[in-house]
Every structure is written in structure tokens, then in C-alpha cells.
>>> print(open('start_21.pdb').read())   # PDB, C-alpha atoms
ATOM      1  CA  GLY A1123      -1.534  19.860   1.871  1.00  0.00           C
ATOM      2  CA  LEU A1124       1.345  21.714   0.236  1.00  0.00           C
ATOM      3  CA  LEU A1125       2.412  20.913  -3.325  1.00  0.00           C
ATOM      4  CA  THR A1126       5.546  22.491  -4.744  1.00  0.00           C
ATOM      5  CA  LYS A1127       6.954  21.955  -8.231  1.00  0.00           C
ATOM      6  CA  VAL A1128      10.616  22.811  -8.727  1.00  0.00           C
ATOM      7  CA  ASN A1129      12.952  22.661 -11.710  1.00  0.00           C
ATOM      8  CA  ASP A1130      16.179  20.661 -11.857  1.00  0.00           C
ATOM      9  CA  THR A1131      18.108  23.403 -10.026  1.00  0.00           C
ATOM     10  CA  GLY A1132      15.554  23.679  -7.194  1.00  0.00           C
ATOM     11  CA  ASN A1133      13.842  26.905  -8.261  1.00  0.00           C
ATOM     12  CA  VAL A1134      10.107  26.953  -7.520  1.00  0.00           C
ATOM     13  CA  ILE A1135       7.889  26.770 -10.634  1.00  0.00           C
ATOM     14  CA  TRP A1136       4.579  26.787  -8.740  1.00  0.00           C
ATOM     15  CA  GLU A1137       3.264  26.144  -5.276  1.00  0.00           C
ATOM     16  CA  GLN A1138      -0.280  25.289  -4.151  1.00  0.00           C
ATOM     17  CA  LYS A1139      -1.964  24.611  -0.809  1.00  0.00           C
ATOM     18  CA  HIS A1140      -5.076  22.435  -0.647  1.00  0.00           C
ATOM     19  CA  LYS A1141      -7.748  21.349   1.808  1.00  0.00           C
ATOM     20  CA  ILE A1142      -9.917  18.298   1.152  1.00  0.00           C
ATOM     21  CA  MET A1143     -13.632  18.701   1.915  1.00  0.00           C
ATOM     22  CA  ASN A1144     -12.666  21.967   3.688  1.00  0.00           C
ATOM     23  CA  LYS A1145     -10.521  20.036   6.184  1.00  0.00           C
ATOM     24  CA  TYR A1146      -6.785  19.696   6.609  1.00  0.00           C
ATOM     25  CA  ALA A1147      -4.900  17.430   4.216  1.00  0.00           C
ATOM     26  CA  SER A1148      -1.511  15.749   4.116  1.00  0.00           C
ATOM     27  CA  ILE A1149      -0.270  14.469   0.767  1.00  0.00           C
ATOM     28  CA  HIS A1150       1.702  11.216   0.894  1.00  0.00           C
ATOM     29  CA  SER A1151       2.214  10.274  -2.763  1.00  0.00           C
ATOM     30  CA  ILE A1152       1.993  11.945  -6.169  1.00  0.00           C
ATOM     31  CA  VAL A1153       1.991  10.395  -9.651  1.00  0.00           C
ATOM     32  CA  SER A1154       2.323  12.154 -13.001  1.00  0.00           C
ATOM     33  CA  THR A1155      -0.545  11.686 -15.472  1.00  0.00           C
ATOM     34  CA  SER A1156      -1.116  12.795 -19.081  1.00  0.00           C
ATOM     35  CA  ASN A1157      -2.967  15.951 -18.011  1.00  0.00           C
ATOM     36  CA  GLY A1158      -1.617  16.666 -14.531  1.00  0.00           C
ATOM     37  CA  TYR A1159      -1.069  14.618 -11.404  1.00  0.00           C
ATOM     38  CA  ALA A1160      -2.833  12.178  -9.097  1.00  0.00           C
ATOM     39  CA  ILE A1161      -2.365  12.406  -5.336  1.00  0.00           C
ATOM     40  CA  VAL A1162      -3.254  10.365  -2.269  1.00  0.00           C
ATOM     41  CA  GLY A1163      -3.074  11.362   1.348  1.00  0.00           C
ATOM     42  CA  ASN A1164      -5.019  11.858   4.562  1.00  0.00           C
ATOM     43  CA  THR A1165      -7.763  14.293   5.518  1.00  0.00           C
ATOM     44  CA  ASP A1166      -9.652  15.116   8.704  1.00  0.00           C
ATOM     45  CA  ASP A1167     -13.025  13.374   9.085  1.00  0.00           C
ATOM     46  CA  THR A1168     -14.056  14.270  12.642  1.00  0.00           C
ATOM     47  CA  LEU A1169     -17.355  15.788  11.497  1.00  0.00           C
ATOM     48  CA  LEU A1170     -18.621  12.461  10.159  1.00  0.00           C
ATOM     49  CA  ASN A1171     -17.139   9.889  12.520  1.00  0.00           C
ATOM     50  CA  ASN A1172     -16.624  10.673  16.178  1.00  0.00           C
ATOM     51  CA  GLY A1173     -13.053   9.967  17.199  1.00  0.00           C
ATOM     52  CA  VAL A1174     -11.780   9.405  13.653  1.00  0.00           C
ATOM     53  CA  PHE A1175      -9.323  12.093  12.659  1.00  0.00           C
ATOM     54  CA  SER A1176      -7.721  10.723   9.526  1.00  0.00           C
ATOM     55  CA  ASN A1177      -9.256   9.128   6.433  1.00  0.00           C
ATOM     56  CA  VAL A1178      -7.630   8.474   3.070  1.00  0.00           C
ATOM     57  CA  PHE A1179      -8.401  10.557  -0.032  1.00  0.00           C
ATOM     58  CA  PHE A1180      -7.586  10.413  -3.747  1.00  0.00           C
ATOM     59  CA  GLY A1181      -7.308  13.579  -5.819  1.00  0.00           C
ATOM     60  CA  ARG A1182      -6.524  14.877  -9.288  1.00  0.00           C
ATOM     61  CA  ILE A1183      -4.690  18.142  -9.923  1.00  0.00           C
ATOM     62  CA  ASP A1184      -3.918  19.976 -13.158  1.00  0.00           C
ATOM     63  CA  ASN A1185      -0.486  20.887 -14.535  1.00  0.00           C
ATOM     64  CA  VAL A1186      -0.223  24.013 -12.365  1.00  0.00           C
ATOM     65  CA  GLY A1187      -1.361  22.356  -9.151  1.00  0.00           C
ATOM     66  CA  ASN A1188      -5.048  23.292  -9.003  1.00  0.00           C
ATOM     67  CA  LEU A1189      -7.233  20.653  -7.345  1.00  0.00           C
ATOM     68  CA  ILE A1190      -9.869  19.547  -9.869  1.00  0.00           C
ATOM     69  CA  TYR A1191     -11.293  16.451  -8.168  1.00  0.00           C
ATOM     70  CA  SER A1192     -11.131  14.654  -4.818  1.00  0.00           C
ATOM     71  CA  LYS A1193     -12.719  11.573  -3.267  1.00  0.00           C
ATOM     72  CA  VAL A1194     -12.573  10.603   0.416  1.00  0.00           C
ATOM     73  CA  TYR A1195     -12.803   6.947   1.479  1.00  0.00           C
ATOM     74  CA  TYR A1196     -14.692   7.197   4.759  1.00  0.00           C
ATOM     75  CA  SER A1197     -14.017   4.677   7.494  1.00  0.00           C
ATOM     76  CA  ASP A1198     -14.646   4.122  11.192  1.00  0.00           C
ATOM     77  CA  ARG A1199     -10.894   3.753  11.750  1.00  0.00           C
ATOM     78  CA  ASN A1200      -7.930   6.076  11.507  1.00  0.00           C
ATOM     79  CA  GLU A1201      -6.101   5.551   8.238  1.00  0.00           C
ATOM     80  CA  ASP A1202      -2.624   6.408   7.005  1.00  0.00           C
ATOM     81  CA  ALA A1203      -1.957   6.615   3.249  1.00  0.00           C
ATOM     82  CA  SER A1204       1.344   5.269   1.974  1.00  0.00           C
ATOM     83  CA  CYS A1205       2.292   4.829  -1.702  1.00  0.00           C
ATOM     84  CA  MET A1206       0.666   4.966  -5.146  1.00  0.00           C
ATOM     85  CA  LYS A1207       1.522   3.950  -8.731  1.00  0.00           C
ATOM     86  CA  LYS A1208      -0.205   4.234 -12.091  1.00  0.00           C
ATOM     87  CA  THR A1209      -0.958   0.971 -13.918  1.00  0.00           C
ATOM     88  CA  SER A1210      -0.460   0.299 -17.624  1.00  0.00           C
ATOM     89  CA  ASP A1211      -4.204   0.833 -18.274  1.00  0.00           C
ATOM     90  CA  ASN A1212      -4.134   4.278 -16.554  1.00  0.00           C
ATOM     91  CA  ASN A1213      -5.730   3.066 -13.346  1.00  0.00           C
ATOM     92  CA  PHE A1214      -4.072   3.589  -9.974  1.00  0.00           C
ATOM     93  CA  ILE A1215      -2.988   1.372  -7.095  1.00  0.00           C
ATOM     94  CA  PHE A1216      -2.437   2.757  -3.635  1.00  0.00           C
ATOM     95  CA  THR A1217      -1.885   1.357  -0.180  1.00  0.00           C
ATOM     96  CA  PHE A1218      -2.809   2.554   3.278  1.00  0.00           C
ATOM     97  CA  GLN A1219      -2.898   1.312   6.845  1.00  0.00           C
ATOM     98  CA  LYS A1220      -6.109   1.041   8.863  1.00  0.00           C
ATOM     99  CA  GLY A1221      -5.553   1.374  12.588  1.00  0.00           C
ATOM    100  CA  GLN A1222      -6.954  -0.622  15.486  1.00  0.00           C
ATOM    101  CA  LEU A1223     -10.305   0.129  17.111  1.00  0.00           C
ATOM    102  CA  SER A1224      -8.937  -1.261  20.392  1.00  0.00           C
ATOM    103  CA  LEU A1225      -5.793  -2.947  21.698  1.00  0.00           C
ATOM    104  CA  SER A1226      -7.360  -6.356  21.061  1.00  0.00           C
ATOM    105  CA  ASP A1227      -8.234  -5.452  17.466  1.00  0.00           C
ATOM    106  CA  SER A1228      -6.189  -6.010  14.304  1.00  0.00           C
ATOM    107  CA  THR A1229      -4.296  -3.563  12.112  1.00  0.00           C
ATOM    108  CA  TYR A1230      -4.904  -3.764   8.354  1.00  0.00           C
ATOM    109  CA  ALA A1231      -2.853  -3.079   5.257  1.00  0.00           C
ATOM    110  CA  ASN A1232      -5.321  -2.145   2.536  1.00  0.00           C
ATOM    111  CA  ILE A1233      -4.731  -2.066  -1.204  1.00  0.00           C
ATOM    112  CA  PHE A1234      -7.092  -0.233  -3.569  1.00  0.00           C
ATOM    113  CA  LEU A1235      -7.111  -0.589  -7.344  1.00  0.00           C
ATOM    114  CA  ILE A1236      -9.071   2.436  -8.585  1.00  0.00           C
ATOM    115  CA  ASP A1237     -10.000   4.093 -11.871  1.00  0.00           C
ATOM    116  CA  SER A1238      -9.111   7.660 -12.869  1.00  0.00           C
ATOM    117  CA  LEU A1239     -11.943   9.074 -10.704  1.00  0.00           C
ATOM    118  CA  GLY A1240     -11.067   7.052  -7.636  1.00  0.00           C
ATOM    119  CA  VAL A1241     -13.840   4.476  -8.011  1.00  0.00           C
ATOM    120  CA  ILE A1242     -12.695   1.225  -6.381  1.00  0.00           C
ATOM    121  CA  GLU A1243     -12.425  -1.622  -8.885  1.00  0.00           C
ATOM    122  CA  THR A1244     -10.676  -4.150  -6.619  1.00  0.00           C
ATOM    123  CA  GLN A1245      -9.507  -4.067  -3.024  1.00  0.00           C
ATOM    124  CA  LYS A1246      -7.617  -6.325  -0.644  1.00  0.00           C
ATOM    125  CA  SER A1247      -7.121  -6.162   3.101  1.00  0.00           C
ATOM    126  CA  ILE A1248      -4.420  -8.025   5.032  1.00  0.00           C
ATOM    127  CA  SER A1249      -4.688  -8.130   8.824  1.00  0.00           C
ATOM    128  CA  SER A1250      -2.135  -8.400  11.585  1.00  0.00           C
ATOM    129  CA  PRO A1251      -2.677  -8.497  15.352  1.00  0.00           C
ATOM    130  CA  ASP A1252       0.005  -5.843  15.801  1.00  0.00           C
ATOM    131  CA  GLU A1253       1.559  -4.054  12.799  1.00  0.00           C
ATOM    132  CA  ILE A1254       1.396  -4.221   9.003  1.00  0.00           C
ATOM    133  CA  ILE A1255       2.004  -1.602   6.328  1.00  0.00           C
ATOM    134  CA  PHE A1256       3.237  -1.487   2.745  1.00  0.00           C
ATOM    135  CA  ASN A1257       5.729   1.322   2.168  1.00  0.00           C
ATOM    136  CA  SER A1258       6.468   0.735  -1.510  1.00  0.00           C
ATOM    137  CA  LEU A1259       5.050  -0.978  -4.575  1.00  0.00           C
ATOM    138  CA  LEU A1260       6.318  -1.865  -8.027  1.00  0.00           C
ATOM    139  CA  THR A1261       4.336  -2.722 -11.148  1.00  0.00           C
ATOM    140  CA  ILE A1262       5.777  -5.456 -13.381  1.00  0.00           C
ATOM    141  CA  ASN A1263       5.540  -5.636 -17.199  1.00  0.00           C
ATOM    142  CA  ASN A1264       3.233  -8.676 -17.115  1.00  0.00           C
ATOM    143  CA  GLY A1265       0.742  -6.816 -14.892  1.00  0.00           C
ATOM    144  CA  ASP A1266       1.877  -8.284 -11.577  1.00  0.00           C
ATOM    145  CA  ILE A1267       2.461  -5.968  -8.626  1.00  0.00           C
ATOM    146  CA  ILE A1268       5.031  -6.305  -5.846  1.00  0.00           C
ATOM    147  CA  PHE A1269       4.273  -4.761  -2.447  1.00  0.00           C
ATOM    148  CA  VAL A1270       6.882  -4.481   0.299  1.00  0.00           C
ATOM    149  CA  GLY A1271       6.696  -3.214   3.849  1.00  0.00           C
ATOM    150  CA  ASP A1272       6.803  -4.651   7.324  1.00  0.00           C
ATOM    151  CA  ALA A1273       4.502  -6.782   9.442  1.00  0.00           C
ATOM    152  CA  ASP A1274       4.225  -8.614  12.730  1.00  0.00           C
ATOM    153  CA  PHE A1275       1.906 -11.608  12.503  1.00  0.00           C
ATOM    154  CA  LEU A1276       2.589 -12.740  16.080  1.00  0.00           C
ATOM    155  CA  LEU A1277       1.095 -11.354  19.271  1.00  0.00           C
ATOM    156  CA  PRO A1278       1.398  -7.588  19.859  1.00  0.00           C
ATOM    157  CA  GLY A1279       4.787  -6.510  21.085  1.00  0.00           C
ATOM    158  CA  GLY A1280       6.780  -8.848  18.845  1.00  0.00           C
ATOM    159  CA  ASN A1281       9.374  -7.909  16.277  1.00  0.00           C
ATOM    160  CA  THR A1282       8.289  -6.684  12.866  1.00  0.00           C
ATOM    161  CA  ASP A1283       9.697  -8.427   9.809  1.00  0.00           C
ATOM    162  CA  ILE A1284      10.089  -7.413   6.196  1.00  0.00           C
ATOM    163  CA  TYR A1285       6.914  -8.467   4.383  1.00  0.00           C
ATOM    164  CA  LEU A1286       6.591  -8.823   0.617  1.00  0.00           C
ATOM    165  CA  ILE A1287       3.778 -10.092  -1.574  1.00  0.00           C
ATOM    166  CA  ARG A1288       3.450 -10.391  -5.335  1.00  0.00           C
ATOM    167  CA  THR A1289      -0.067 -10.181  -6.747  1.00  0.00           C
ATOM    168  CA  ASP A1290      -1.550 -10.433 -10.203  1.00  0.00           C
ATOM    169  CA  SER A1291      -3.222  -7.422 -11.830  1.00  0.00           C
ATOM    170  CA  LEU A1292      -6.428  -8.085  -9.839  1.00  0.00           C
ATOM    171  CA  LEU A1293      -4.550  -8.214  -6.510  1.00  0.00           C
ATOM    172  CA  ASN A1294      -4.820 -12.004  -6.119  1.00  0.00           C
ATOM    173  CA  TYR A1295      -1.931 -13.685  -4.303  1.00  0.00           C
ATOM    174  CA  PRO A1296      -1.163 -17.015  -2.594  1.00  0.00           C
ATOM    175  CA  PRO A1297      -1.744 -17.347   1.160  1.00  0.00           C
ATOM    176  CA  ASN A1298       0.972 -16.462   3.657  1.00  0.00           C
ATOM    177  CA  ILE A1299       3.561 -19.119   4.375  1.00  0.00           C
ATOM    178  CA  ILE A1300       3.929 -19.057   8.150  1.00  0.00           C
ATOM    179  CA  GLY A1301       5.327 -21.335  10.824  1.00  0.00           C
ATOM    180  CA  ILE A1302       8.600 -22.101   9.030  1.00  0.00           C
ATOM    181  CA  GLU A1303      11.378 -22.565  11.563  1.00  0.00           C
ATOM    182  CA  VAL A1304      15.020 -22.331  10.518  1.00  0.00           C
ATOM    183  CA  LEU A1305      16.809 -25.315  12.086  1.00  0.00           C
ATOM    184  CA  SER A1306      20.305 -24.486  10.889  1.00  0.00           C
ATOM    185  CA  THR A1307      22.097 -21.850   8.862  1.00  0.00           C
ATOM    186  CA  GLU A1308      24.946 -24.228   7.938  1.00  0.00           C
ATOM    187  CA  VAL A1309      25.441 -24.882   4.234  1.00  0.00           C
ATOM    188  CA  PRO A1310      26.892 -28.291   3.197  1.00  0.00           C
ATOM    189  CA  ALA A1311      30.327 -28.096   1.574  1.00  0.00           C
ATOM    190  CA  GLU A1312      29.706 -31.175  -0.587  1.00  0.00           C
ATOM    191  CA  PHE A1313      27.302 -34.038  -1.172  1.00  0.00           C
ATOM    192  CA  ILE A1314      27.798 -37.736  -1.911  1.00  0.00           C
ATOM    193  CA  LEU A1315      25.444 -40.138  -3.669  1.00  0.00           C
ATOM    194  CA  HIS A1316      25.894 -43.646  -2.170  1.00  0.00           C
ATOM    195  CA  GLN A1317      24.930 -46.899  -3.795  1.00  0.00           C
ATOM    196  CA  ASN A1318      21.348 -47.827  -2.946  1.00  0.00           C
ATOM    197  CA  TYR A1319      20.656 -50.850  -0.724  1.00  0.00           C
ATOM    198  CA  SER A1320      19.631 -54.000  -2.479  1.00  0.00           C
ATOM    199  CA  ASN A1321      15.940 -54.207  -3.218  1.00  0.00           C
ATOM    200  CA  PRO A1322      14.507 -57.678  -2.417  1.00  0.00           C
ATOM    201  CA  PHE A1323      11.569 -57.080  -4.768  1.00  0.00           C
TER     202      PHE A1323
END
>>> encode(input="start_21.pdb", output="C-alpha cells")
Amino acid sequence: GLLTKVNDTGNVIWEQKHKIMNKYASIHSIVSTSNGYAIVGNTDDTLLNNGVFSNVFFGRIDNVGNLIYSKVYYSDRNEDASCMKKTSDNNFIFTFQKGQLSLSDSTYANIFLIDSLGVIETQKSISSPDEIIFNSLLTINNGDIIFVGDADFLLPGGNTDIYLIRTDSLLNYPPNIIGIEVLSTEVPAEFILHQNYSNPF
């Protein structure tokens, strides 16, 4: 995983290459902290799980790019890290996709709320029969978090749609609203309130 810090004119300040657990790494997101940076990405895990070539990791680096800590989240599925943000209490939220074990299996969008050492405090997993991933997230002043990406909740091979959820600080959110069918896109030009019929009671 290559990290390069540049100044505002593009000149390189420092550059570092890292492996995670002595295996290849790809870094997908980086967040500034008070004493360096936090990173998330993917690393090779073929030695531990046959057929799994990509698990998610969290890492901490110092101000000049040296890796000082890393934690791998082992899984029996291929994973693809996406985005990360720091919360107001100096924890971190990151998202990643867990792949299918077979064509009849589901895909998962996972959300981890972790502390500064990568210990999971809360996690959520949202499944789809075909495709689901969060590509971006935004923390709100009241502690809520907005996640946006795309998903296909129908049978495999359908069209993916924009998918957005808003959670509280513990990743709780209302259930999906599905099955809504748009009957018409016409907007009324005016409305009229008629006199009510007489009420015999």
C-alpha cells in the first residue's frame, strides 16, 4: 500500500510503502488524527482462509507515514473496503462490502464503528441478493450518520439504485421501505375543496 504526502503545489513531502501482516495491502481511505493518520483497506489472507484473497484491515500511521499499528478483520468471504470517517468522540466508522460465497448467496454492506485501536464497538450488516455497497458517509452534528451508495434488492441481474440510510450514533436505523410503486409522475396544477355531503346523523 503506497502512501504519499504532498504539499499544496504537488511536491512530495514523504512517501511510504506498507504491507499488512507481511502480505500485500491496498489503502482505500485515510483520515487525519491528532497524532498522525488512520487508514483502512484490503490485505491478502490466503494463508488463513483457503480461497479468500482479500480481507479488510484498519491501521494507524504516524505523521511521517510509518505504520505503528494494524488490525485485520478476518472473514470467510472476500471483502472490499470503501470509506471511513472520524466521529466526534475520536472513534472511527468505516464501510466495506462482503462478497458472495456462491451465486445463490447474498452480498453484504457492512458498517463498523470502532475505537482508536480498531476494536469493534458496534456493527451492522445489510444484505442484498445481488449488489450493495456504501461509497460515502457523512457524520452529522447531532451524531447521526448518513451512508450513500447503491443496491439492488431484487433478484440478481436487476438494476442497481441509489441507496441511502441515516442512522443514529449507534448505527440504528428504520427498516427499508420497499414495494412502493409510482403510479403517476403527474403533479396537479390546482386543488378544489368541495362542500361536504349532508350528514344524516
>>> atom_distance(input="start_21.pdb", atom1="atom CA of A:Ala1273", atom2="atom CA of A:Tyr1230")
9.9 Å
>>> resolve_selection(input="start_21.pdb", expression="the PyMOL selection byres ((chain A and resi 1241) around 12)", output="number ranges by chain")
A: 1179-1181, 1192-1195, 1213-1215, 1234-1240, 1242-1245
>>> closest_residue(input="start_21.pdb", among="A:Gln1317, A:Asn1144, A:Thr1155, A:Asn1129", to="A:Lys1208", atoms="all atoms listed in the file")
A:Thr1155
>>> residues_around(input="start_21.pdb", residues="A:Asp1283", least_positions_apart="2", cutoff="9 Å", atoms="all atoms listed in the file", output="list of chain:residue names")
A:Gly1271, A:Asp1272, A:Ala1273, A:Asp1274, A:Phe1275, A:Asn1281, A:Tyr1285
>>> closest_residue(input="start_21.pdb", among="A:Thr1289, A:Ala1311, A:Leu1125, A:Pro1297", to="A:Ile1262", atoms="all atoms listed in the file")
A:Thr1289
>>> closest_residue(input="start_21.pdb", among="A:Asn1164, A:Gln1222, A:Asn1232, A:Thr1131", to="A:Leu1293", atoms="all atoms listed in the file")
A:Asn1232
>>> axis_aligned_box(input="start_21.pdb", around="stretch 1210-1213 of chain A", padding_each_side="5 Å", output="lines of an AutoDock Vina configuration file")
center_x = -3.1
center_y = 2.3
center_z = -15.8
size_x = 15.3
size_y = 14.0
size_z = 14.9
>>> residues_around(input="start_21.pdb", residues="A:Asp1166", least_positions_apart="3", cutoff="6 Å", atoms="all atoms listed in the file", output="ChimeraX atom specification")
/A:1145-1146,1175-1176
>>> closest_residue(input="start_21.pdb", among="A:Ile1152, A:Ile1248, A:Leu1189, A:Leu1223", to="A:Ala1203", atoms="only C-alpha atoms")
A:Ile1152
>>> closest_residue(input="start_21.pdb", among="A:Pro1310, A:Ile1183, A:Ala1160, A:Ser1320", to="A:Asn1212", atoms="only C-alpha atoms")
A:Ala1160
>>> closest_residue(input="start_21.pdb", among="A:Ile1233, A:Leu1276, A:Val1134, A:Leu1124", to="A:Asn1188", atoms="all atoms listed in the file")
A:Leu1124
